[in-house]
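Coordinates from upload.cif are shown below (mmCIF, C-alpha atoms and all ligand atoms).
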```cif
data_data
#
loop_
_atom_site.label_atom_id
_atom_site.label_comp_id
_atom_site.auth_asym_id
_atom_site.auth_seq_id
_atom_site.Cartn_x
_atom_site.Cartn_y
_atom_site.Cartn_z
CA MET P 1 105.64 97.29 108.81
CA GLY P 2 108.88 95.97 107.39
CA LEU P 3 112.34 97.41 107.22
CA LEU P 4 111.93 98.40 103.57
CA TYR P 5 108.88 100.45 104.45
CA HIS P 6 110.82 102.32 107.12
CA ILE P 7 113.74 102.93 104.79
CA LYS P 8 111.37 104.27 102.14
CA GLU P 9 109.74 106.57 104.70
CA TRP P 10 113.13 107.72 105.96
CA ILE P 11 114.36 108.51 102.44
CA ASN P 12 111.08 110.28 101.67
CA ASP P 13 111.46 112.42 104.77
CA LEU P 14 115.00 113.27 103.81
CA LEU P 15 114.33 114.11 100.17
CA PHE P 16 110.81 115.48 100.39
CA PRO P 17 110.25 117.00 103.79
CA ASP P 18 106.87 118.21 102.56
CA TYR P 19 105.39 115.29 100.70
CA CYS P 20 101.76 114.29 101.14
CA LEU P 21 101.28 111.18 103.29
CA GLY P 22 98.28 110.27 101.13
CA CYS P 23 99.65 110.47 97.58
CA ASP P 24 103.42 111.08 97.92
CA ARG P 25 103.10 114.33 95.98
CA ALA P 26 105.58 117.02 96.99
CA ASP P 27 103.11 119.32 98.68
CA GLU P 28 101.89 119.79 102.20
CA ILE P 29 102.06 116.87 104.63
CA LEU P 30 98.41 116.26 103.68
CA CYS P 31 97.45 117.81 100.36
CA ALA P 32 94.07 119.45 99.77
CA ASP P 33 92.97 116.64 97.40
CA CYS P 34 93.69 113.86 99.91
CA ALA P 35 92.17 115.89 102.75
CA GLY P 36 89.03 116.38 100.64
CA HIS P 37 88.70 112.64 100.12
CA LEU P 38 88.97 111.63 103.78
CA PRO P 39 85.62 110.32 105.06
CA VAL P 40 84.15 112.80 107.51
CA ALA P 41 82.82 111.86 110.93
CA GLY P 42 79.11 111.93 111.62
CA PRO P 43 77.31 115.05 112.87
CA ALA P 44 78.15 116.68 116.19
CA GLU P 45 76.68 115.01 119.26
CA ASP P 46 76.43 116.43 122.72
CA ASP P 47 78.87 119.28 121.99
CA THR P 48 81.38 116.78 120.59
CA TRP P 49 82.62 117.70 117.14
CA ALA P 50 84.82 115.35 115.11
CA LEU P 51 86.45 115.97 111.76
CA PHE P 52 87.22 112.55 110.28
CA ASP P 53 86.20 108.94 110.69
CA TYR P 54 89.08 107.13 112.39
CA HIS P 55 88.44 103.89 110.45
CA GLN P 56 90.28 105.03 107.37
CA PRO P 57 93.89 104.01 106.71
CA LEU P 58 95.12 107.52 105.87
CA THR P 59 93.49 109.08 108.94
CA LYS P 60 95.03 106.37 111.11
CA LYS P 61 98.40 106.85 109.46
CA LEU P 62 98.34 110.62 110.00
CA LEU P 63 97.49 110.32 113.68
CA TRP P 64 99.98 107.52 114.24
CA ARG P 65 102.79 109.47 112.59
CA LEU P 66 101.86 112.53 114.58
CA LYS P 67 101.94 110.73 117.90
CA TYR P 68 104.73 108.22 117.49
CA ASN P 69 107.01 109.73 114.83
CA GLY P 70 106.83 113.17 116.35
CA LYS P 71 105.65 114.84 113.16
CA GLN P 72 104.13 117.91 114.72
CA ARG P 73 103.52 119.45 111.30
CA ILE P 74 100.73 116.89 110.90
CA GLY P 75 99.01 118.22 113.99
CA TRP P 76 99.34 121.76 112.75
CA ARG P 77 97.88 120.81 109.34
CA LEU P 78 94.96 118.93 110.97
CA GLY P 79 94.30 121.97 113.13
CA GLN P 80 94.21 124.07 109.97
CA LEU P 81 91.64 121.70 108.43
CA ALA P 82 89.56 121.91 111.62
CA ALA P 83 89.64 125.71 111.29
CA GLU P 84 88.48 125.49 107.67
CA LYS P 85 85.58 123.24 108.59
CA TRP P 86 84.40 125.04 111.73
CA TYR P 87 85.35 128.67 111.24
CA GLU P 88 81.76 129.74 110.54
CA ASP P 89 80.38 127.77 113.49
CA LEU P 90 82.95 129.30 115.82
CA ALA P 91 82.25 132.80 114.49
CA GLU P 92 78.56 132.24 115.16
CA ILE P 93 79.22 131.17 118.76
CA VAL P 94 81.32 134.30 119.32
CA LEU P 95 78.49 136.40 117.90
CA MET P 96 75.72 134.69 119.87
CA THR P 97 77.50 134.63 123.22
CA GLY P 98 79.10 138.05 122.94
CA GLU P 99 82.44 136.48 123.90
CA GLN P 100 85.55 138.24 122.69
CA LYS P 101 87.51 135.05 122.24
CA LEU P 102 86.85 131.34 122.59
CA ILE P 103 89.51 129.62 124.69
CA ILE P 104 91.39 126.72 123.11
CA VAL P 105 92.61 124.13 125.62
CA PRO P 106 94.42 120.98 124.43
CA ILE P 107 93.90 117.82 126.47
CA PRO P 108 97.05 117.58 128.60
CA LEU P 109 99.27 114.53 128.78
CA GLY P 110 100.56 113.27 132.09
CA THR P 111 104.14 114.29 132.92
CA ARG P 112 105.48 110.78 132.35
CA ARG P 113 103.85 110.45 128.92
CA LEU P 114 104.94 113.96 127.99
CA ARG P 115 108.53 113.14 128.90
CA GLN P 116 108.42 109.94 126.81
CA ARG P 117 106.91 111.61 123.76
CA GLY P 118 108.57 114.98 124.07
CA PHE P 119 105.50 116.90 122.97
CA ASN P 120 101.73 116.91 123.28
CA GLN P 121 100.03 116.06 119.99
CA ALA P 122 96.82 117.81 121.07
CA LEU P 123 98.81 121.02 121.49
CA SER P 124 100.13 120.75 117.90
CA ILE P 125 96.55 120.48 116.66
CA ALA P 126 95.43 123.32 118.93
CA ALA P 127 98.23 125.54 117.62
CA GLY P 128 97.16 124.91 114.01
CA LEU P 129 93.55 125.67 114.83
CA HIS P 130 94.46 128.85 116.68
CA GLU P 131 96.76 130.05 113.90
CA HIS P 132 93.81 130.00 111.48
CA THR P 133 91.15 131.40 113.82
CA ARG P 134 93.19 134.13 115.53
CA ASP P 135 90.34 136.63 115.43
CA LEU P 136 88.05 134.19 117.26
CA THR P 137 90.25 132.23 119.62
CA GLU P 138 92.88 132.42 122.29
CA LEU P 139 95.21 129.49 123.00
CA LEU P 140 95.75 128.75 126.69
CA PRO P 141 97.68 125.45 126.67
CA ASP P 142 98.24 125.07 130.40
CA SER P 143 94.67 125.66 131.54
CA LEU P 144 94.14 122.11 132.68
CA LYS P 145 96.45 119.64 134.38
CA ARG P 146 96.47 115.88 134.23
CA ILE P 147 96.70 115.09 137.92
CA LYS P 148 96.49 111.33 137.59
CA GLU P 149 98.50 109.23 135.20
CA THR P 150 96.11 106.80 133.60
CA GLY P 151 97.11 103.52 132.03
CA SER P 152 97.11 103.10 128.27
CA GLN P 153 93.53 103.48 127.11
CA VAL P 154 94.02 100.68 124.63
CA LYS P 155 94.61 98.15 127.38
CA THR P 156 91.48 98.88 129.38
CA THR P 157 88.49 97.32 127.75
CA SER P 158 85.19 98.07 129.41
CA ARG P 159 83.67 101.52 129.41
CA THR P 160 82.99 101.35 133.15
CA GLU P 161 86.65 100.58 133.75
CA ARG P 162 87.76 103.48 131.57
CA LEU P 163 85.42 105.86 133.37
CA LYS P 164 86.65 104.67 136.76
CA ASN P 165 90.21 105.06 135.55
CA LEU P 166 89.57 108.58 134.32
CA LYS P 167 87.54 109.86 137.24
CA ASP P 168 89.26 112.93 138.63
CA ALA P 169 92.16 112.46 136.21
CA PHE P 170 92.07 116.18 135.42
CA GLY P 171 92.15 119.23 137.64
CA GLU P 172 93.96 122.47 138.51
CA VAL P 173 91.93 124.57 136.12
CA ASN P 174 93.23 128.01 135.12
CA PRO P 175 90.80 130.62 136.58
CA THR P 176 91.02 132.63 133.32
CA ILE P 177 88.54 130.21 131.76
CA LYS P 178 85.76 131.22 134.20
CA ASN P 179 82.56 132.05 132.30
CA LYS P 180 84.30 131.40 128.98
CA VAL P 181 83.44 129.07 126.13
CA VAL P 182 86.23 126.48 125.90
CA LEU P 183 87.22 124.45 122.85
CA LEU P 184 88.76 121.28 124.26
CA ILE P 185 91.08 119.64 121.73
CA ASP P 186 92.12 116.01 121.33
CA ASP P 187 93.41 113.92 118.43
CA THR P 188 90.96 111.04 118.72
CA THR P 189 87.80 110.33 120.64
CA THR P 190 86.58 106.77 120.90
CA THR P 191 84.25 106.27 123.83
CA GLY P 192 84.55 109.97 124.61
CA ALA P 193 85.45 109.15 128.21
CA THR P 194 88.72 111.11 128.30
CA MET P 195 87.19 114.24 126.83
CA GLN P 196 84.15 113.88 129.06
CA SER P 197 86.32 113.73 132.12
CA ALA P 198 88.40 116.75 131.05
CA ALA P 199 85.24 118.69 130.11
CA LEU P 200 83.79 118.01 133.53
CA ALA P 201 86.92 119.42 135.20
CA LEU P 202 86.66 122.55 133.04
CA SER P 203 82.97 122.97 133.86
CA ARG P 204 83.74 122.60 137.54
CA GLY P 205 86.40 125.24 137.05
CA GLY P 206 83.73 127.64 135.78
CA ALA P 207 83.71 127.29 131.98
CA SER P 208 80.29 128.36 130.66
CA ARG P 209 80.35 125.80 127.85
CA VAL P 210 82.85 123.19 126.72
CA ILE P 211 82.90 122.10 123.08
CA LYS P 212 84.86 118.90 122.64
CA LEU P 213 86.66 118.96 119.36
CA ALA P 214 88.51 115.90 118.03
CA ILE P 215 90.25 115.25 114.74
CA ALA P 216 88.94 111.69 114.50
CA ARG P 217 86.09 109.72 115.96
CA GLY P 218 86.68 106.00 116.45
ZN ZN P 301 97.80 113.96 98.68
#
```

Translate this structure into structure tokens?
Amino acid sequence: MGLLYHIKEWINDLLFPDYCLGCDRADEILCADCAGHLPVAGPAEDDTWALFDYHQPLTKKLLWRLKYNGKQRIGWRLGQLAAEKWYEDLAEIVLMTGEQKLIIVPIPLGTRRLRQRGFNQALSIAAGLHEHTRDLTELLPDSLKRIKETGSQVKTTSRTERLKNLKDAFGEVNPTIKNKVVLLIDDTTTTGATMQSAALALSRGGASRVIKLAIARG
């Protein structure tokens, strides 16, 4: 992206702090129209739910801006959209299991990555989801720790290598999640290896069920 693009974005941010990244309309960071036109991900598989298909320029742009431009409002808005889509499903789980609240746990970043970025994008999404499902959920952000810094997932190619890299990457599970249904939140799931590894740690820590919930599926 060229300098002009960045200048345009910078001016847009300055003049229209709440303009839609899809259509430039002064509205929310992602307006309802643009959100409604984003291609949705396929059906849930193996307790993995995903909202949008990652292979769409606007979806990519939203997630990129969230992670690397520090626009946490995007995460919050995506969490709100997740709540709109899954509210009924979550209410049904609460009803069927007799749980009082489902526990929202964002995938943690390692300390080094967190220091670099300054915030955890999964937590921004989790906060948006919780805000719009307060009667059904509880947000417990520090319920899982990343105990091993893993290399950039983009650089590792094979699935076996990723899995090896991620084995035992998570631990130190908060005992409050024992016998609870956990909603594990991440921005994107590609091979699903990261979420799988985190879900395994939560199950070992006593969670009765872990639903992996991502904004985009690659
Ligand atoms: Zn729009």

Which chain P residues have any atom within 6 Å of an atom of ligand ZN 301 (chain P), and for each, what is the nearest pair of atoms with distance in Å to one decimal, counting all atoms listed in the file, rows sorted by chain and number, as CSV?
```
residue,atom,partner,partner_atom,distance
P:Cys20,CA,P:ZN301,ZN,4.7
P:Gly22,CA,P:ZN301,ZN,4.5
P:Cys23,CA,P:ZN301,ZN,4.1
P:Arg25,CA,P:ZN301,ZN,6.0
P:Leu30,CA,P:ZN301,ZN,5.5
P:Cys31,CA,P:ZN301,ZN,4.2
P:Asp33,CA,P:ZN301,ZN,5.7
P:Cys34,CA,P:ZN301,ZN,4.3
```

### Task
Name the residues in contact with Gln116 of chain P at a cut-off of 12 Å, using only C-alpha atoms, excluding same-chain residues fewer than 4 positions from it; report them as an NGL selection string.
:P and (67-68 or 70 or 109-112 or 120)

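Shortest atom-to-atom contact with Asp47 of chain P among P:Arg146, P:Arg117, P:Lys212, P:Arg65: P:Lys212, counting only C-alpha atoms.
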
### Task
To one decimal in Å, tell me the separation between atom CA of Leu90 of chain P and atom CA of Leu184 of chain P.
13.0 Å

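Of the listed residues P:Ser158, P:Thr59, P:Asn179, P:Thr191, the one whose atoms come nearest to Leu21 of chain P is P:Thr59, with distances taken using only C-alpha atoms.
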
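Distance annotation: of P:Ser203, P:Thr133, P:Ser124, P:Gln56, the residue with the minimal separation from Asp89 of chain P is P:Thr133; atom set is all atoms listed in the file.
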
### Point-to-point distance from atom CA of Thr188 of chain P to atom CA of Ala214 of chain P, Å rounded to tenths
5.5 Å

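Distances to Lys145 of chain P were evaluated for P:Ile7, P:Ile185, P:Leu58, P:Val173 using only C-alpha atoms, and the minimum falls at P:Val173.
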
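Atom pair atom CA of Trp76 of chain P / atom CA of Ile29 of chain P: separated by 9.9 Å.
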
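All protein and nucleic acid residues in the vicinity of (80.3, 114.1, 113.4), that is within 12 Å when counting all atoms listed in the file, are Pro39, Val40, Ala41, Gly42, Pro43, Ala44, Glu45, Asp46, Asp47, Thr48, Trp49, Ala50, Leu51, Phe52, Asp53, Tyr54, Lys85, Trp86, Thr189, Lys212, Leu213, Ala214, Ile215, Ala216, Arg217 and Gly218 of chain P.
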
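For the set P:Thr160, P:Thr176, P:Gln100, P:Gln121, the residue with the smallest atom-to-atom gap to Thr137 of chain P is P:Gln100, counting all atoms listed in the file.
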
### Task
Go through P:Leu200, P:Arg209, P:Leu123, P:Ala82 one by one, measure the shortest atom-to-atom distance of each to Leu66 of chain P using only C-alpha atoms, and give the residue with the smallest value.
P:Leu123
